[in-house]
Amino acid sequence: MAADIRYSAHLDVPVSPGETIRELLDERGITQIDFAVRLGKSEKFVSQLINGKASLTHETAIELERVLGVPSSFWNAAEAQYRDVLARRAQDGELEAQSEWAGSFPRKEMAANGWIAREAGPGELLGYFGVSSVDAYTQYWGAPRRLAARMSTAYTASTPAIAAWLRAGEIAAESIQTEPYSEAELRHAVQSLRPATREPVGQWQQLIRERCAAAGVAVVFVPDLPKTRCHAASWWASRSRAVIILGLRYKTDDQVWFSFFHEVGHLLLDDRRHASLCDPDRDPASEARADAFAADTLIPPDAYTAFRASGQPTKASVAAFAQSLGIAPGIVVGRLQKDGLVPYKQMNDLKVHLDWTTSGPDYETEVYTPQRMAELMINNAVTAAEYDAALADARASGVDPDAFPHQPRPEV
């Protein structure tokens with residue numbers, strides 16, 4: 001006789017298969033002694049089975065099917081869920097002690113970005129990072145990895161925040177199909193993308209994705225997290241696939257483009273075997289090499305030297321020089337500001353100001369007020385000199401720096 005029993009995969013409390021066996025025996029008026037004989041098992045085993053102390057094997061499930069008429073698949077599924085619920089309860093108890101670990105992550109911002117649930121606890125965070133335990137998280141995310149990162153040195157980095165941001169990039173990159181990595185294709189993509197700096201943001205973002213994917217590099221745009229210091233990073237996902245993740249420091253097009261070419265420089269020039277998640281500043285020579293690659297790729301050295309020798313830059317001369325190179329004028333402005341040839345408060349209207357879209361991790365153009373620009377310059381200052389200059393520029397433009405929260409003065 002087949003019983004009409006349905007198995008539910010969503011139980012909140014652990015219910016052992018033994019509970020169902022007990023109900024069936026009561027309904028049919030079968031004693032445990034008789035049931036043990038019919039099942040061919042000892043009375044002790046049947047007692048343990050009914051009380052959830054003995055595991056129900058696949059062989060026993062088949063025997064139960066013969067005796068009670070309930071399919072073995074039901075018993076197997078019920079046993080698996082029962083053990084799963086017990087194991088989860090046990091692990092949840094252990095994870096309660098990891099609340100301090102979970103609290104080290106910027107969960108509010110991660111939830112706002114849609115990466116985790118708003119009330120995510122230790123278990124959900126482990127699932128986000130794709131690891132089984134806190135120990136596994138420490139071993140995986142704290143171990144040497146093939147990573148190179150462009151970072152600010154204005155304040156101390158939070159390793160949990162870096163890991164959370166990188167994991168978001170890792171997840172986003174999984175959905176991007178790439179061809180096998182080709183150095184020749186990547187170098188070709190680099191040259192073909194220089195003119196794209198003059199295109200609207202939506203177009204050049206798509207071009208970066210497509211042309212880098214054809215070279216074996218997945219490029220993703222991921223909203224920034226506080227205290228990461230990272231605003232761009234790159235790593236080798238495998239021997240034939242690399243990943244570049246881009247944030248939005250300073251929120252201007254020149255910063256994004258420089259960061260992109262900087263990370264490409266790491267992929268093309270660095271030794272893949274040496275990198276560390278917890279120490280992205282490990283190799284100043286590597287960072288200087290990537291900086292030089294980005295600067296010289298965007299603006300050829302000979303052309304830049306000639307432009308500097310032509311006199312004090314003006315908006316008109318910068319725009320004309322950028323057009324002659326086929327790049328966005330904001331890139332020239334950023335280079336001149338970095339080299340101290342143009343004050344940071346000047347010519348910013350030649351840059352394209354960016355912000356995150358509300359519908360996804362892409363950029364959109366934004367018109368900045370003087371206060372918004374002052375806030376960005378102060379909070380993104382890397383050195384004490386840049387910080388002081390940003391404060392002075394803010395006050396000169398009529399903005400009170402005390403009107404908005406900002407970082408402490410860097411000690412470098």
# chains A, B, ... in the order shown; residues from 1 in each chain; ligands from 1
$ residues_around --residues "Lys351 in chain A" --least-positions-apart "5" --cutoff "7 Å" --atoms "only C-alpha atoms" --output "PyMOL selection string"
chain A and resi 252-254+329-330
$ closest_atom_pairs --of "range 246-275 of chain A" --to "range 196-205 of chain A" --cutoff "12 Å" --atoms "only C-alpha atoms" --output "Markdown table"
| residue | atom | partner | partner_atom | distance |
| --- | --- | --- | --- | --- |
| A:Leu246 | CA | A:Gln205 | CA | 10.8 |
| A:Thr252 | CA | A:Val201 | CA | 10.7 |
| A:Asp253 | CA | A:Thr197 | CA | 8.1 |
| A:Asp254 | CA | A:Thr197 | CA | 8.6 |
| A:Gln255 | CA | A:Thr197 | CA | 11.5 |
| A:Val256 | CA | A:Thr197 | CA | 10.0 |
| A:Trp257 | CA | A:Thr197 | CA | 7.5 |
| A:Phe258 | CA | A:Thr197 | CA | 10.5 |
| A:Phe260 | CA | A:Gln205 | CA | 11.0 |
| A:Phe261 | CA | A:Thr197 | CA | 11.6 |
$ select_by_dssp --residues "range 64-299 of chain A" --states "alpha helix (DSSP H)" --output "PyMOL selection string"
chain A and resi 64-68+72-95+99-103+107-112+122-129+134-141+159-174+183-193+201-214+253-269+284-298
$ closest_atom_pairs --of "range 133-218 of chain A" --to "range 103-109 of chain A" --cutoff "12 Å" --atoms "only C-alpha atoms" --output "tab-separated table"
residue	atom	partner	partner_atom	distance
A:Ser158	CA	A:Ser104	CA	8.6
A:Thr159	CA	A:Phe105	CA	8.9
A:Pro160	CA	A:Phe105	CA	5.5
A:Ala161	CA	A:Phe105	CA	5.8
A:Ile162	CA	A:Phe105	CA	9.4
A:Ala163	CA	A:Phe105	CA	9.1
A:Ala164	CA	A:Phe105	CA	7.5
A:Trp165	CA	A:Pro106	CA	10.0
$ closest_residue --among "A:Gln139, A:Ser324, A:Ser240, A:Thr60" --to "Pro195 in chain A" --atoms "only C-alpha atoms"
A:Ser324
$ closest_residue --among "A:Ala322, A:Arg28, A:Gly216, A:Ala295" --to "Asp339 in chain A" --atoms "only C-alpha atoms"
A:Ala295
$ residues_around --residues "range 112-127 of chain A" --least-positions-apart "2" --cutoff "9 Å" --atoms "only C-alpha atoms" --output "PDB file with C-alpha atoms, in the first residue's frame"
ATOM      1  CA  GLN A  91      27.384  25.668  12.441  1.00  0.00           C
ATOM      2  CA  ASP A  92      25.095  28.599  13.205  1.00  0.00           C
ATOM      3  CA  LEU A  95      29.263  31.244  13.755  1.00  0.00           C
ATOM      4  CA  GLU A  96      27.605  33.273  16.490  1.00  0.00           C
ATOM      5  CA  GLN A  98      32.258  35.163  14.687  1.00  0.00           C
ATOM      6  CA  SER A  99      30.167  38.314  15.010  1.00  0.00           C
ATOM      7  CA  TRP A 101      34.709  39.041  12.210  1.00  0.00           C
ATOM      8  CA  ALA A 102      31.468  39.834  10.401  1.00  0.00           C
ATOM      9  CA  GLY A 103      31.468  43.316  11.909  1.00  0.00           C
ATOM     10  CA  ARG A 107      28.033  45.518   5.453  1.00  0.00           C
ATOM     11  CA  LYS A 108      25.836  48.596   5.173  1.00  0.00           C
ATOM     12  CA  GLU A 109      27.579  49.719   1.980  1.00  0.00           C
ATOM     13  CA  MET A 110      27.786  46.158   0.647  1.00  0.00           C
ATOM     14  CA  PHE A 129      33.084  35.127  -0.383  1.00  0.00           C
ATOM     15  CA  GLY A 130      32.567  31.567  -1.616  1.00  0.00           C
ATOM     16  CA  VAL A 131      34.321  29.924   1.347  1.00  0.00           C
ATOM     17  CA  SER A 132      33.177  27.366   3.915  1.00  0.00           C
ATOM     18  CA  SER A 133      34.494  28.902   7.126  1.00  0.00           C
ATOM     19  CA  VAL A 134      36.260  31.877   8.643  1.00  0.00           C
ATOM     20  CA  TYR A 137      38.381  32.891   4.314  1.00  0.00           C
ATOM     21  CA  ALA A 168      32.399  41.869  -6.013  1.00  0.00           C
ATOM     22  CA  PRO A 223      31.260  50.747  -6.885  1.00  0.00           C
ATOM     23  CA  GLY A 360      23.848  49.174 -12.058  1.00  0.00           C
ATOM     24  CA  PRO A 361      27.649  49.331 -11.738  1.00  0.00           C
TER      25      PRO A 361
END
$ closest_residue --among "A:Ala390, A:Leu166, A:Leu193, A:Ala290" --to "Gly326 in chain A" --atoms "only C-alpha atoms"
A:Leu193
$ residues_around --residues "Leu268 in chain A" --least-positions-apart "2" --cutoff "12 Å" --atoms "only C-alpha atoms" --output "PyMOL selection string"
chain A and resi 148+181-187+190+215+217+234-236+242+261-266+270-272+286+289-290+293-294
$ residues_around --residues "Val85 in chain A" --least-positions-apart "4" --cutoff "7 Å" --atoms "only C-alpha atoms" --output "PyMOL selection string"
chain A and resi 14+81+89
$ write_last_selection --atoms "N, CA, C and O atoms" --output "mmCIF file, in the first residue's frame"
data_model
loop_
_atom_site.group_PDB
_atom_site.id
_atom_site.type_symbol
_atom_site.label_atom_id
_atom_site.label_comp_id
_atom_site.auth_asym_id
_atom_site.auth_seq_id
_atom_site.Cartn_x
_atom_site.Cartn_y
_atom_site.Cartn_z
ATOM 1 N N PRO A 14 14.230 20.732 12.707
ATOM 2 C CA PRO A 14 14.676 19.407 12.271
ATOM 3 C C PRO A 14 13.656 18.328 12.615
ATOM 4 O O PRO A 14 13.313 18.131 13.779
ATOM 5 N N GLN A 81 17.665 15.946 4.502
ATOM 6 C CA GLN A 81 17.274 17.252 5.015
ATOM 7 C C GLN A 81 17.424 17.329 6.527
ATOM 8 O O GLN A 81 17.872 18.343 7.071
ATOM 9 N N ARG A 89 22.328 24.031 12.115
ATOM 10 C CA ARG A 89 22.134 24.553 13.467
ATOM 11 C C ARG A 89 23.445 24.539 14.245
ATOM 12 O O ARG A 89 23.763 25.473 14.979
#
$ residues_around --residues "Pro17 in chain A" --least-positions-apart "3" --cutoff "12 Å" --atoms "only C-alpha atoms" --output "ChimeraX atom specification"
/A:5,7,14,20-24,46,48-57,60-61,64,70,72-83
$ atom_distance --atom1 "CA of Val399 in chain A" --atom2 "CA of Ala374 in chain A"
7.4 Å
$ residues_around --residues "Leu298 in chain A" --least-positions-apart "6" --cutoff "8 Å" --atoms "only C-alpha atoms" --output "ChimeraX atom specification"
/A:194,258,327,331
